[in-house]
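Raw contents of entry_30.csv, CSV, C-alpha atoms:
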chain,number,residue,atom,x,y,z
A,15,MET,CA,60.0,76.5,87.0
A,16,LYS,CA,62.2,77.2,90.1
A,17,ASN,CA,62.8,74.2,92.3
A,18,LEU,CA,62.4,75.8,95.8
A,19,THR,CA,60.9,74.6,99.0
A,20,GLU,CA,57.9,76.4,100.5
A,21,ARG,CA,60.2,78.0,103.1
A,22,GLU,CA,62.6,79.2,100.5
A,23,ILE,CA,59.8,80.6,98.4
A,24,ILE,CA,58.5,82.5,101.4
A,25,GLU,CA,62.0,83.9,102.2
A,26,SER,CA,62.4,84.9,98.6
A,27,VAL,CA,59.1,86.8,98.5
A,28,LEU,CA,59.9,88.5,101.8
A,29,LYS,CA,63.2,89.6,100.3
A,30,GLY,CA,61.3,91.4,97.6
A,31,ASN,CA,61.1,88.7,94.8
A,32,HIS,CA,57.3,89.1,94.6
A,33,GLY,CA,57.1,87.0,91.4
A,34,ASP,CA,58.1,83.9,93.4
A,35,PHE,CA,54.7,84.1,95.1
A,36,ALA,CA,53.3,82.6,91.9
A,37,LEU,CA,55.0,79.3,92.9
A,38,LEU,CA,53.0,79.2,96.2
A,39,ILE,CA,49.8,80.0,94.2
A,40,ASP,CA,50.5,77.0,91.9
A,41,ILE,CA,51.0,74.7,94.8
A,42,TYR,CA,47.8,75.6,96.7
A,43,LYS,CA,45.3,77.0,94.2
A,44,ASP,CA,43.6,73.7,93.3
A,45,ARG,CA,43.3,72.4,96.8
A,46,ALA,CA,42.1,75.7,98.2
A,47,PHE,CA,39.6,76.0,95.3
A,48,THR,CA,38.2,72.5,96.2
A,49,LEU,CA,37.8,73.6,99.8
A,50,LEU,CA,36.1,76.9,98.8
A,51,LYS,CA,33.8,75.3,96.4
A,52,LYS,CA,32.6,72.9,99.1
A,53,MET,CA,32.0,75.9,101.4
A,54,LEU,CA,30.5,78.4,99.1
A,55,LYS,CA,28.7,75.9,96.7
A,56,ASN,CA,29.3,78.3,93.9
A,57,GLU,CA,32.2,78.4,91.4
A,58,MET,CA,32.3,82.2,90.9
A,59,ASP,CA,32.3,82.9,94.6
A,60,ALA,CA,35.0,80.3,95.1
A,61,GLU,CA,37.2,81.9,92.5
A,62,GLU,CA,36.8,85.3,94.0
A,63,ALA,CA,37.5,84.0,97.5
A,64,LEU,CA,40.5,82.1,96.2
A,65,GLN,CA,42.0,85.4,94.8
A,66,ASP,CA,41.2,87.3,98.0
A,67,SER,CA,42.8,84.5,100.1
A,68,PHE,CA,46.1,84.6,98.2
A,69,LEU,CA,46.1,88.4,98.3
A,70,LYS,CA,45.6,88.4,102.1
A,71,ALA,CA,48.3,85.8,102.4
A,72,PHE,CA,50.7,87.9,100.4
A,73,ASN,CA,50.0,91.1,102.4
A,74,SER,CA,50.5,89.4,105.7
A,75,LEU,CA,53.3,87.0,104.7
A,76,SER,CA,55.7,89.0,107.0
A,77,SER,CA,53.6,88.0,110.0
A,78,PHE,CA,53.9,84.2,109.1
A,79,ARG,CA,56.0,82.5,111.8
A,80,ASN,CA,58.6,80.2,110.3
A,81,ASP,CA,58.0,77.5,113.0
A,82,ALA,CA,54.4,77.1,111.8
A,83,LYS,CA,53.3,75.1,108.8
A,84,PHE,CA,52.4,77.3,105.8
A,85,SER,CA,49.5,75.1,104.8
A,86,THR,CA,47.8,75.4,108.2
A,87,TRP,CA,48.3,79.2,108.2
A,88,PHE,CA,47.1,79.6,104.6
A,89,TYR,CA,44.0,77.3,105.0
A,90,ARG,CA,43.0,79.3,108.0
A,91,ILE,CA,43.0,82.4,105.8
A,92,VAL,CA,41.0,80.5,103.2
A,93,TYR,CA,38.5,79.3,105.7
A,94,ASN,CA,38.0,82.8,107.3
A,95,THR,CA,37.7,84.4,103.8
A,96,ALA,CA,35.0,82.0,102.9
A,97,LEU,CA,33.2,82.6,106.2
A,98,SER,CA,33.2,86.3,105.7
A,99,ILE,CA,31.8,85.9,102.2
A,100,ILE,CA,29.1,83.7,103.6
A,101,ALA,CA,28.4,86.3,106.3
A,102,SER,CA,28.3,89.1,103.8
A,103,LYS,CA,25.9,87.2,101.6
A,104,LYS,CA,23.9,86.2,104.6
A,105,ARG,CA,23.5,82.6,103.4
A,106,LYS,CA,21.2,80.5,105.4
A,107,ILE,CA,23.7,77.9,106.5
A,108,GLN,CA,23.8,78.9,110.1
A,109,MET,CA,22.5,75.5,111.1
A,110,GLU,CA,25.4,73.9,109.3
A,111,MET,CA,28.1,76.2,110.8
A,112,SER,CA,26.8,76.6,114.3
A,113,SER,CA,27.7,73.5,116.2
A,114,VAL,CA,29.5,70.2,116.1
A,115,GLU,CA,26.1,68.5,116.5
A,116,ASP,CA,25.6,68.8,112.7
A,117,HIS,CA,23.7,65.9,111.3
A,118,PHE,CA,22.9,64.6,107.9
A,119,ASP,CA,19.4,65.4,106.8
A,120,LEU,CA,19.4,64.1,103.2
A,121,GLY,CA,15.7,63.6,103.0
A,122,ASP,CA,14.7,62.8,99.4
A,123,PHE,CA,18.2,63.6,98.1
A,124,ASP,CA,19.5,60.2,99.1
A,125,ASP,CA,17.0,58.4,96.8
A,126,ARG,CA,17.7,60.8,94.0
A,127,ILE,CA,21.4,60.6,94.3
A,128,TYR,CA,21.2,56.8,94.5
A,129,ALA,CA,19.1,56.6,91.4
A,130,SER,CA,21.5,58.9,89.5
A,131,SER,CA,24.7,57.2,90.6
A,132,GLU,CA,26.6,54.7,88.4
A,133,ASN,CA,28.4,52.9,91.3
A,134,SER,CA,29.3,53.1,95.0
A,135,THR,CA,32.2,55.6,94.4
A,136,ASP,CA,30.0,57.9,92.3
A,137,TYR,CA,27.2,57.7,94.9
A,138,LEU,CA,29.5,58.4,97.9
A,139,LEU,CA,31.3,61.3,96.3
A,140,LYS,CA,27.9,62.9,95.5
A,141,ILE,CA,26.8,62.4,99.1
A,142,VAL,CA,30.0,64.1,100.3
A,143,ASP,CA,28.9,67.2,98.3
A,144,ARG,CA,25.8,67.2,100.4
A,145,LEU,CA,27.5,66.9,103.8
A,146,PRO,CA,27.2,69.8,106.3
A,147,VAL,CA,30.0,72.3,105.5
A,148,ARG,CA,32.3,71.5,108.4
A,149,ASN,CA,32.0,67.7,108.0
A,150,ALA,CA,32.9,68.2,104.3
A,151,LEU,CA,35.9,70.4,105.2
A,152,VAL,CA,37.3,68.0,107.7
A,153,ILE,CA,37.1,65.2,105.1
A,154,ILE,CA,38.8,67.3,102.4
A,155,LEU,CA,41.5,68.5,104.7
A,156,TYR,CA,42.1,65.0,106.1
A,157,TYR,CA,41.9,63.0,102.9
A,158,ILE,CA,43.0,65.4,100.2
A,159,ASP,CA,45.5,67.6,102.1
A,160,ASN,CA,46.6,64.8,104.4
A,161,LEU,CA,46.5,67.2,107.4
A,162,SER,CA,46.4,65.9,110.9
A,163,LEU,CA,43.3,66.3,113.1
A,164,ASN,CA,45.4,68.8,115.2
A,165,GLU,CA,46.1,71.0,112.1
A,166,ILE,CA,42.5,70.7,111.0
A,167,SER,CA,41.3,71.8,114.5
A,168,ASN,CA,43.6,74.9,114.2
A,169,ILE,CA,42.3,75.8,110.8
A,170,LEU,CA,38.6,75.5,111.7
A,171,ASN,CA,39.2,77.0,115.2
A,172,ILE,CA,37.6,74.1,117.0
A,173,SER,CA,39.0,71.7,119.6
A,174,LEU,CA,40.9,68.5,118.6
A,175,VAL,CA,38.1,66.4,120.1
A,176,ASN,CA,35.5,68.2,117.9
A,177,ALA,CA,37.6,67.7,114.8
A,178,LYS,CA,37.8,64.0,115.6
A,179,VAL,CA,34.1,63.8,116.3
A,180,LEU,CA,33.3,65.5,112.9
A,181,LEU,CA,35.5,63.1,111.0
A,182,HIS,CA,34.2,60.0,112.8
A,183,ARG,CA,30.6,61.0,112.6
A,184,SER,CA,31.0,61.7,108.8
A,185,ARG,CA,32.5,58.2,108.3
A,186,ASN,CA,29.8,56.6,110.4
A,187,GLU,CA,26.9,58.3,108.6
A,188,LEU,CA,28.4,57.4,105.2
A,189,ARG,CA,28.9,53.8,106.3
A,190,GLU,CA,25.2,53.6,107.2
A,191,LEU,CA,24.3,54.9,103.8
A,192,ILE,CA,26.6,52.3,102.2
A,193,ILE,CA,24.9,49.5,104.2
A,194,LYS,CA,21.5,50.9,103.4
A,195,HIS,CA,22.1,50.4,99.7
A,196,ASN,CA,24.0,47.2,100.2
A,197,TYR,CA,27.1,48.5,98.5
A,198,GLN,CA,29.5,46.8,100.9
A,199,GLU,CA,28.7,43.5,99.1
A,200,GLU,CA,30.8,44.8,96.2
A,201,LEU,CA,33.8,44.3,98.4
A,202,LEU,CA,35.3,40.8,98.1
B,23,MET,CA,34.3,43.2,122.3
B,24,LYS,CA,31.6,44.8,120.3
B,25,VAL,CA,32.0,46.3,116.8
B,26,THR,CA,31.2,49.9,117.8
B,27,ASP,CA,31.7,53.1,115.8
B,28,GLU,CA,34.8,53.8,117.9
B,29,ILE,CA,36.4,50.4,117.1
B,30,LEU,CA,35.7,50.8,113.4
B,31,ASN,CA,37.2,54.3,113.3
B,32,LYS,CA,40.2,53.0,115.3
B,33,LEU,CA,40.6,50.2,112.7
B,34,ILE,CA,40.6,52.7,109.9
B,35,ASP,CA,43.1,54.9,111.6
B,36,ASN,CA,45.4,52.0,112.6
B,37,GLU,CA,44.9,52.6,116.2
B,38,LEU,CA,44.0,49.1,117.2
B,39,ASN,CA,46.7,46.9,118.8
B,40,ASP,CA,47.4,43.3,117.6
B,41,ARG,CA,45.2,41.7,120.3
B,42,GLU,CA,42.2,43.9,119.4
B,43,ILE,CA,42.7,43.2,115.7
B,44,LYS,CA,42.7,39.5,116.3
B,45,GLU,CA,39.6,39.7,118.4
B,46,LEU,CA,37.8,41.7,115.7
B,47,HIS,CA,38.7,39.2,113.1
B,48,ARG,CA,37.4,36.4,115.3
B,49,LEU,CA,34.2,38.3,115.8
B,50,ILE,CA,33.4,39.1,112.2
B,51,LYS,CA,34.0,35.5,111.3
B,52,TYR,CA,30.8,34.5,112.9
B,53,ASP,CA,28.8,37.8,112.8
B,54,GLU,CA,27.5,38.8,109.4
B,55,VAL,CA,26.2,42.2,110.6
B,56,ALA,CA,29.6,43.0,112.1
B,57,LEU,CA,31.3,41.9,108.9
B,58,SER,CA,29.0,44.2,106.9
B,59,LYS,CA,29.8,47.1,109.1
B,60,VAL,CA,33.6,46.6,108.8
B,61,LYS,CA,33.3,46.2,105.0
B,62,ALA,CA,31.2,49.3,104.7
B,63,HIS,CA,33.5,51.3,106.9
B,64,GLN,CA,36.6,50.3,104.9
B,65,MET,CA,34.7,51.1,101.7
B,66,VAL,CA,34.0,54.6,102.9
B,67,ASN,CA,37.6,55.1,103.8
B,68,SER,CA,38.9,53.9,100.5
B,69,ILE,CA,36.4,56.0,98.5
B,70,LEU,CA,37.1,59.1,100.5
B,71,LYS,CA,40.8,58.7,99.6
B,72,ARG,CA,39.8,59.0,96.0
B,73,ILE,CA,38.1,62.4,96.3
B,74,ASN,CA,39.3,64.5,93.4
B,75,VAL,CA,40.9,67.9,93.7
B,76,GLU,CA,38.9,70.4,91.7
B,77,LEU,CA,41.1,72.4,89.3
B,78,ALA,CA,41.1,76.1,89.8
B,79,PRO,CA,40.5,78.2,86.5
B,80,GLU,CA,43.6,78.2,84.4
B,81,ASP,CA,44.3,82.0,84.6
B,82,THR,CA,44.1,82.0,88.4
B,83,THR,CA,47.8,82.6,89.0
B,84,SER,CA,48.1,85.4,86.5
B,85,LYS,CA,44.9,87.1,87.9
B,86,ILE,CA,46.2,86.9,91.5
B,87,MET,CA,49.7,88.2,90.5
B,88,GLU,CA,48.0,91.1,88.6
B,89,ARG,CA,46.0,92.0,91.7
B,90,ILE,CA,49.2,91.8,93.8
B,91,SER,CA,51.1,94.1,91.4
B,92,ASN,CA,48.2,96.6,91.6
B,93,SER,CA,48.0,96.5,95.4
B,94,LEU,CA,51.8,97.1,95.5
B,95,LEU,CA,51.4,100.1,93.3
B,96,ILE,CA,48.6,101.5,95.5
B,97,LYS,CA,50.7,100.9,98.5
B,98,GLU,CA,53.6,102.8,97.0
B,99,ARG,CA,51.3,105.7,96.2
B,100,LYS,CA,50.0,105.7,99.7
B,101,ASN,CA,53.5,105.6,101.1
B,102,GLY,CA,54.4,108.5,98.8
B,103,PHE,CA,51.5,110.6,100.1
B,104,PHE,CA,52.4,109.7,103.7
B,105,LYS,CA,56.0,110.7,103.1
B,106,PHE,CA,54.8,114.0,101.7
B,107,ILE,CA,52.7,114.7,104.8
B,108,ILE,CA,55.6,113.7,107.1
B,109,SER,CA,58.0,115.9,105.1
B,110,SER,CA,55.6,118.8,105.3
B,111,PHE,CA,55.5,118.4,109.0
B,112,ALA,CA,59.2,118.2,109.3
B,113,PHE,CA,59.7,121.2,107.1
B,114,MET,CA,57.3,123.3,109.1
B,115,ILE,CA,58.8,122.3,112.5
B,116,ILE,CA,62.3,123.1,111.2
B,117,PHE,CA,61.1,126.4,109.9
B,118,ILE,CA,59.4,127.3,113.2
B,119,VAL,CA,62.3,126.1,115.4
B,120,GLY,CA,64.7,127.9,113.1
B,121,TYR,CA,62.7,131.1,113.4
B,122,LEU,CA,62.6,130.8,117.2
B,123,ILE,CA,66.4,130.1,117.4
B,124,SER,CA,67.1,133.1,115.1
B,125,ILE,CA,65.3,135.4,117.6
B,126,SER,CA,66.9,133.9,120.7
B,127,GLY,CA,70.2,133.4,118.9
B,128,LYS,CA,70.7,137.1,118.4
B,129,ILE,CA,70.5,137.7,122.2
B,130,TYR,CA,72.8,134.7,122.9
B,131,VAL,CA,75.5,135.7,120.4
B,132,SER,CA,75.6,139.2,121.5
B,133,GLU,CA,75.9,138.4,125.2
B,134,THR,CA,78.3,135.5,125.2
B,135,PRO,CA,80.8,135.6,122.4
B,136,SER,CA,82.7,132.3,121.9
B,137,LYS,CA,84.7,130.3,119.3
B,138,TYR,CA,81.3,128.9,118.0
B,139,SER,CA,79.9,132.4,117.6
B,140,GLU,CA,80.8,132.4,113.9
B,141,ILE,CA,78.9,129.2,113.2
B,142,ILE,CA,76.0,130.3,115.3
B,143,ASP,CA,76.0,133.6,113.5
B,144,LYS,CA,75.8,132.0,110.1
B,145,PHE,CA,72.9,129.7,111.4
B,146,VAL,CA,71.1,132.7,112.8
B,147,ASN,CA,71.6,134.8,109.7
B,148,PHE,CA,70.2,131.9,107.5
B,149,PHE,CA,67.0,131.7,109.5
B,150,ALA,CA,66.8,135.5,110.0
B,151,SER,CA,66.4,135.8,106.2
B,152,PHE,CA,63.0,134.2,106.7
B,153,ASN,CA,62.1,136.8,109.3
B,154,ILE,CA,60.7,139.1,106.6
B,155,ALA,CA,58.1,136.5,105.7
B,156,LEU,CA,57.4,135.5,109.3
B,157,ASP,CA,57.1,139.1,110.4
B,158,ASN,CA,54.0,139.2,108.2
B,159,GLU,CA,51.1,138.4,110.6
B,160,LEU,CA,48.8,137.0,107.9
B,161,ILE,CA,51.5,134.4,106.8
B,162,LEU,CA,52.0,133.4,110.4
B,163,ILE,CA,48.3,132.8,110.9
B,164,ILE,CA,48.0,130.8,107.7
B,165,GLY,CA,51.0,128.8,108.7
B,166,GLY,CA,49.6,128.2,112.1
B,167,VAL,CA,46.2,127.1,110.8
B,168,LEU,CA,47.9,124.8,108.3
B,169,THR,CA,50.1,123.2,110.9
B,170,VAL,CA,47.1,122.5,113.2
B,171,MET,CA,45.1,121.0,110.3
B,172,LEU,CA,48.0,118.8,109.3
B,173,LEU,CA,48.5,117.7,112.9
B,174,ILE,CA,44.8,116.8,113.2
B,175,SER,CA,44.6,115.0,109.9
B,176,GLY,CA,47.9,113.2,110.7
B,177,TYR,CA,46.4,112.0,114.0
B,178,PHE,CA,43.3,110.7,112.3
B,179,MET,CA,45.3,109.0,109.6
B,180,PHE,CA,47.5,107.3,112.2
B,181,GLU,CA,44.4,106.2,114.2
B,182,GLU,CA,42.7,104.9,111.1
B,183,HIS,CA,45.7,103.0,110.0
B,184,ARG,CA,46.1,101.5,113.5
B,185,SER,CA,42.5,100.4,113.8
B,186,PHE,CA,42.6,98.8,110.3
B,187,LYS,CA,45.8,96.9,111.2
B,188,ASN,CA,44.1,95.6,114.4
B,189,LYS,CA,41.0,94.6,112.5
B,190,LEU,CA,43.1,92.7,109.9
B,191,GLU,CA,45.1,91.0,112.6
B,192,ASN,CA,41.9,89.9,114.4
B,193,TYR,CA,40.4,88.7,111.2
B,194,LEU,CA,43.5,86.6,110.3

Let me see the structure of the file written as structure tokens.
Amino acid sequence: MKNLTEREIIESVLKGNHGDFALLIDIYKDRAFTLLKKMLKNEMDAEEALQDSFLKAFNSLSSFRNDAKFSTWFYRIVYNTALSIIASKKRKIQMEMSSVEDHFDLGDFDDRIYASSENSTDYLLKIVDRLPVRNALVIILYYIDNLSLNEISNILNISLVNAKVLLHRSRNELRELIIKHNYQEELL
Amino acid sequence: MKVTDEILNKLIDNELNDREIKELHRLIKYDEVALSKVKAHQMVNSILKRINVELAPEDTTSKIMERISNSLLIKERKNGFFKFIISSFAFMIIFIVGYLISISGKIYVSETPSKYSEIIDKFVNFFASFNIALDNELILIIGGVLTVMLLISGYFMFEEHRSFKNKLENYL
């Protein structure tokens, strides 16, 4: 495997070495797939969206500005691709996508998830899967991709303040669930 | 100081200064509820750091590269077709211009002979050889109709390409 930086890979692809694009795919495919699965809640759709996203990125690579970060640019494509799939399938998640006022409405799910969880980690990760889409995306981009809130706001096309609100609100709600089930006592 | 959501998030993000941290420590020493909140918030943060990346299917890279190769092939074919159309335009324009020059050239050469007259003569004679075909009215009509059709289809192709490009840019 070639040992090239992202910038070098992009330059190489733009020079006509199209095969080098596979290196970029290998870097981002898993993280983008995680993001897409959280948005589309379906493995097959996520796989299709993943391929479409990389194809779009390849076709518009010449418009990528070198002063920008590739991850931010690419995740924006991934996010928009997922949004268009959602729109085309007319999924009823408008409530989740419409505003920053998203709130958790777990209903009976919390009890079911709690009953089926082995420990606090298992429980919380299952709850993350039930988060409103944008809350889940902010968490993934922040914790898995280590992106800054500024970068996240660019990807999701929301203000920096809204990105911060989504992250903090998610943490606060998850904290209340931890307290509800007294999991914090596991900490010494 | 109260243990608010804002303070807890600042604690997690390392945005509290030394004085605020000391005050928070003093507070949770005597307040069980505040201590629970801090513990739970830290727990959330540490668990979220452990979210697993889901692996994409193994053949993802090869599938995407295959689609890229196919799209490049289609692009090449489209470019070939586009080049064919442009070449046809160019050829027709040269043909018509040449014909017009050959008519006007005859007059020009005969009236003002110069040192370039020999070159112009050759040029005129070359295009004059097409005169036999162009003198035929039917061929001229067909040529004219084809040119108009090509110009119109070329215009629509260009417009479609431009609107698609704009859509793509807006989408991205």

Please report, as a Markdown table, each residue of chain A lying at most 7 Å from chain B, together with the nearest pair of atoms and the separation in Å rounded to one decimal; use all atoms listed in the file, and order rows by chain and ascending residue number.
| residue | atom | partner | partner_atom | distance |
| --- | --- | --- | --- | --- |
| A:Ala36 | CA | B:Thr83 | CA | 6.2 |
| A:Ile39 | CA | B:Thr83 | CA | 6.1 |
| A:Asp40 | CA | B:Thr83 | CA | 6.9 |
| A:Lys43 | CA | B:Ala78 | CA | 6.1 |
| A:Asp44 | CA | B:Leu77 | CA | 4.9 |
| A:Arg45 | CA | B:Val75 | CA | 6.0 |
| A:Phe47 | CA | B:Ala78 | CA | 5.7 |
| A:Thr48 | CA | B:Glu76 | CA | 5.0 |
| A:Gln65 | CA | B:Ile86 | CA | 5.5 |
| A:Leu69 | CA | B:Ile90 | CA | 6.4 |
| A:Ile91 | CA | B:Leu194 | CA | 6.2 |
| A:Thr135 | CA | B:Ile69 | CA | 5.9 |
| A:Leu139 | CA | B:Ile73 | CA | 6.9 |
| A:Tyr157 | CA | B:Lys71 | CA | 5.5 |
| A:Ile158 | CA | B:Ile73 | CA | 6.9 |
| A:His182 | CA | B:Asn31 | CA | 6.5 |
| A:Arg185 | CA | B:Val66 | CA | 6.7 |
| A:Asn186 | CA | B:Asp27 | CA | 6.7 |
| A:Leu188 | CA | B:Val66 | CA | 6.7 |
| A:Arg189 | CA | B:His63 | CA | 5.3 |
| A:Ile192 | CA | B:Ala62 | CA | 6.0 |
| A:Ile193 | CA | B:Ala62 | CA | 6.3 |
| A:Gln198 | CA | B:Ala62 | CA | 4.9 |
| A:Leu201 | CA | B:Lys61 | CA | 6.9 |

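Rounded to one decimal, atom CA of B:Ile116 and atom CA of B:Asn147 lie 15.0 Å from each other.
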
Query raised in the report: In terms of the shortest atom-to-atom distance over only C-alpha atoms, which of A:Ser167, A:Asn56, A:Ser76, A:Asn94 is closest to A:Val179?
Result: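 Closest candidate: A:Ser167.
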
Report task. Using only C-alpha atoms, give me every residue within 12 Å of (20.0, 48.6, 97.0) in file coordinates, as an NGL selection string. Result -> :A and (124-125 or 128-129 or 131 or 133-134 or 137 or 191-200)

Preceding selection exported with C-alpha atoms as an mmCIF file, in the frame of the given file:
data_model
loop_
_atom_site.group_PDB
_atom_site.id
_atom_site.type_symbol
_atom_site.label_atom_id
_atom_site.label_comp_id
_atom_site.auth_asym_id
_atom_site.auth_seq_id
_atom_site.Cartn_x
_atom_site.Cartn_y
_atom_site.Cartn_z
ATOM 1 C CA ASP A 124 19.500 60.200 99.100
ATOM 2 C CA ASP A 125 17.000 58.400 96.800
ATOM 3 C CA TYR A 128 21.200 56.800 94.500
ATOM 4 C CA ALA A 129 19.100 56.600 91.400
ATOM 5 C CA SER A 131 24.700 57.200 90.600
ATOM 6 C CA ASN A 133 28.400 52.900 91.300
ATOM 7 C CA SER A 134 29.300 53.100 95.000
ATOM 8 C CA TYR A 137 27.200 57.700 94.900
ATOM 9 C CA LEU A 191 24.300 54.900 103.800
ATOM 10 C CA ILE A 192 26.600 52.300 102.200
ATOM 11 C CA ILE A 193 24.900 49.500 104.200
ATOM 12 C CA LYS A 194 21.500 50.900 103.400
ATOM 13 C CA HIS A 195 22.100 50.400 99.700
ATOM 14 C CA ASN A 196 24.000 47.200 100.200
ATOM 15 C CA TYR A 197 27.100 48.500 98.500
ATOM 16 C CA GLN A 198 29.500 46.800 100.900
ATOM 17 C CA GLU A 199 28.700 43.500 99.100
ATOM 18 C CA GLU A 200 30.800 44.800 96.200
#

Requested in this report: Step by step: start from the point (52.5, 82.9, 102.7) in the file's coordinates, keep every protein, DNA or RNA residue that has an atom no farther than 9 Å from it, count all atoms listed in the file, and write the set as a list of chain:residue names.
Outcome: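 So the residues meeting the distance criterion are A:Glu20, A:Ile23, A:Ile24, A:Val27, A:Phe35, A:Leu38, A:Phe68, A:Lys70, A:Ala71, A:Phe72, A:Asn73, A:Ser74, A:Leu75, A:Ser76, A:Ser77, A:Phe78, A:Phe84, A:Ser85, A:Trp87, A:Phe88.
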
I need the residues from that last selection saved to file as a compact mmCIF listing (two decimals), in the coordinates of the input (with C-alpha atoms), if you can.
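As written to disk, out05.txt reads:
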# COMPACT_ATOMS: atom_id res chain seq x y z
CA GLU A 20 57.90 76.40 100.50
CA ILE A 23 59.80 80.60 98.40
CA ILE A 24 58.50 82.50 101.40
CA VAL A 27 59.10 86.80 98.50
CA PHE A 35 54.70 84.10 95.10
CA LEU A 38 53.00 79.20 96.20
CA PHE A 68 46.10 84.60 98.20
CA LYS A 70 45.60 88.40 102.10
CA ALA A 71 48.30 85.80 102.40
CA PHE A 72 50.70 87.90 100.40
CA ASN A 73 50.00 91.10 102.40
CA SER A 74 50.50 89.40 105.70
CA LEU A 75 53.30 87.00 104.70
CA SER A 76 55.70 89.00 107.00
CA SER A 77 53.60 88.00 110.00
CA PHE A 78 53.90 84.20 109.10
CA PHE A 84 52.40 77.30 105.80
CA SER A 85 49.50 75.10 104.80
CA TRP A 87 48.30 79.20 108.20
CA PHE A 88 47.10 79.60 104.60

Using all atoms listed in the file, determine which residues lie at most 12 Å from stretch 109-115 of chain B, disregarding the query and same-chain residues fewer than 3 positions distant; provide the list as an mmCIF file with C-alpha atoms, in the coordinates of the input.
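out-v5.cif was written with the following content:
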data_model
loop_
_atom_site.group_PDB
_atom_site.id
_atom_site.type_symbol
_atom_site.label_atom_id
_atom_site.label_comp_id
_atom_site.auth_asym_id
_atom_site.auth_seq_id
_atom_site.Cartn_x
_atom_site.Cartn_y
_atom_site.Cartn_z
ATOM 1 C CA ASN B 101 53.500 105.600 101.100
ATOM 2 C CA GLY B 102 54.400 108.500 98.800
ATOM 3 C CA PHE B 103 51.500 110.600 100.100
ATOM 4 C CA PHE B 104 52.400 109.700 103.700
ATOM 5 C CA LYS B 105 56.000 110.700 103.100
ATOM 6 C CA PHE B 106 54.800 114.000 101.700
ATOM 7 C CA ILE B 118 59.400 127.300 113.200
ATOM 8 C CA VAL B 119 62.300 126.100 115.400
ATOM 9 C CA GLY B 120 64.700 127.900 113.100
ATOM 10 C CA TYR B 121 62.700 131.100 113.400
ATOM 11 C CA LEU B 122 62.600 130.800 117.200
ATOM 12 C CA ILE B 123 66.400 130.100 117.400
ATOM 13 C CA LEU B 162 52.000 133.400 110.400
ATOM 14 C CA GLY B 165 51.000 128.800 108.700
ATOM 15 C CA GLY B 166 49.600 128.200 112.100
ATOM 16 C CA VAL B 167 46.200 127.100 110.800
ATOM 17 C CA LEU B 168 47.900 124.800 108.300
ATOM 18 C CA THR B 169 50.100 123.200 110.900
ATOM 19 C CA VAL B 170 47.100 122.500 113.200
ATOM 20 C CA MET B 171 45.100 121.000 110.300
ATOM 21 C CA LEU B 172 48.000 118.800 109.300
ATOM 22 C CA LEU B 173 48.500 117.700 112.900
ATOM 23 C CA ILE B 174 44.800 116.800 113.200
ATOM 24 C CA SER B 175 44.600 115.000 109.900
ATOM 25 C CA GLY B 176 47.900 113.200 110.700
#

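Note that the spacing between atom CA of B:Lys187 and atom CA of B:Leu95 amounts to 19.0 Å.
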
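Atom CA of A:Arg183 is found 22.6 Å from atom CA of B:Glu54.
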
Requested in this report: Fewer than 4 positions away in the same chain doesn't count, so skip those; otherwise give me all residues within 12 Å of A:Glu22, counting all atoms listed in the file, as a PyMOL selection string.
Outcome: chain A and resi 16-18+26-29+31+34-35+37-38+80+84
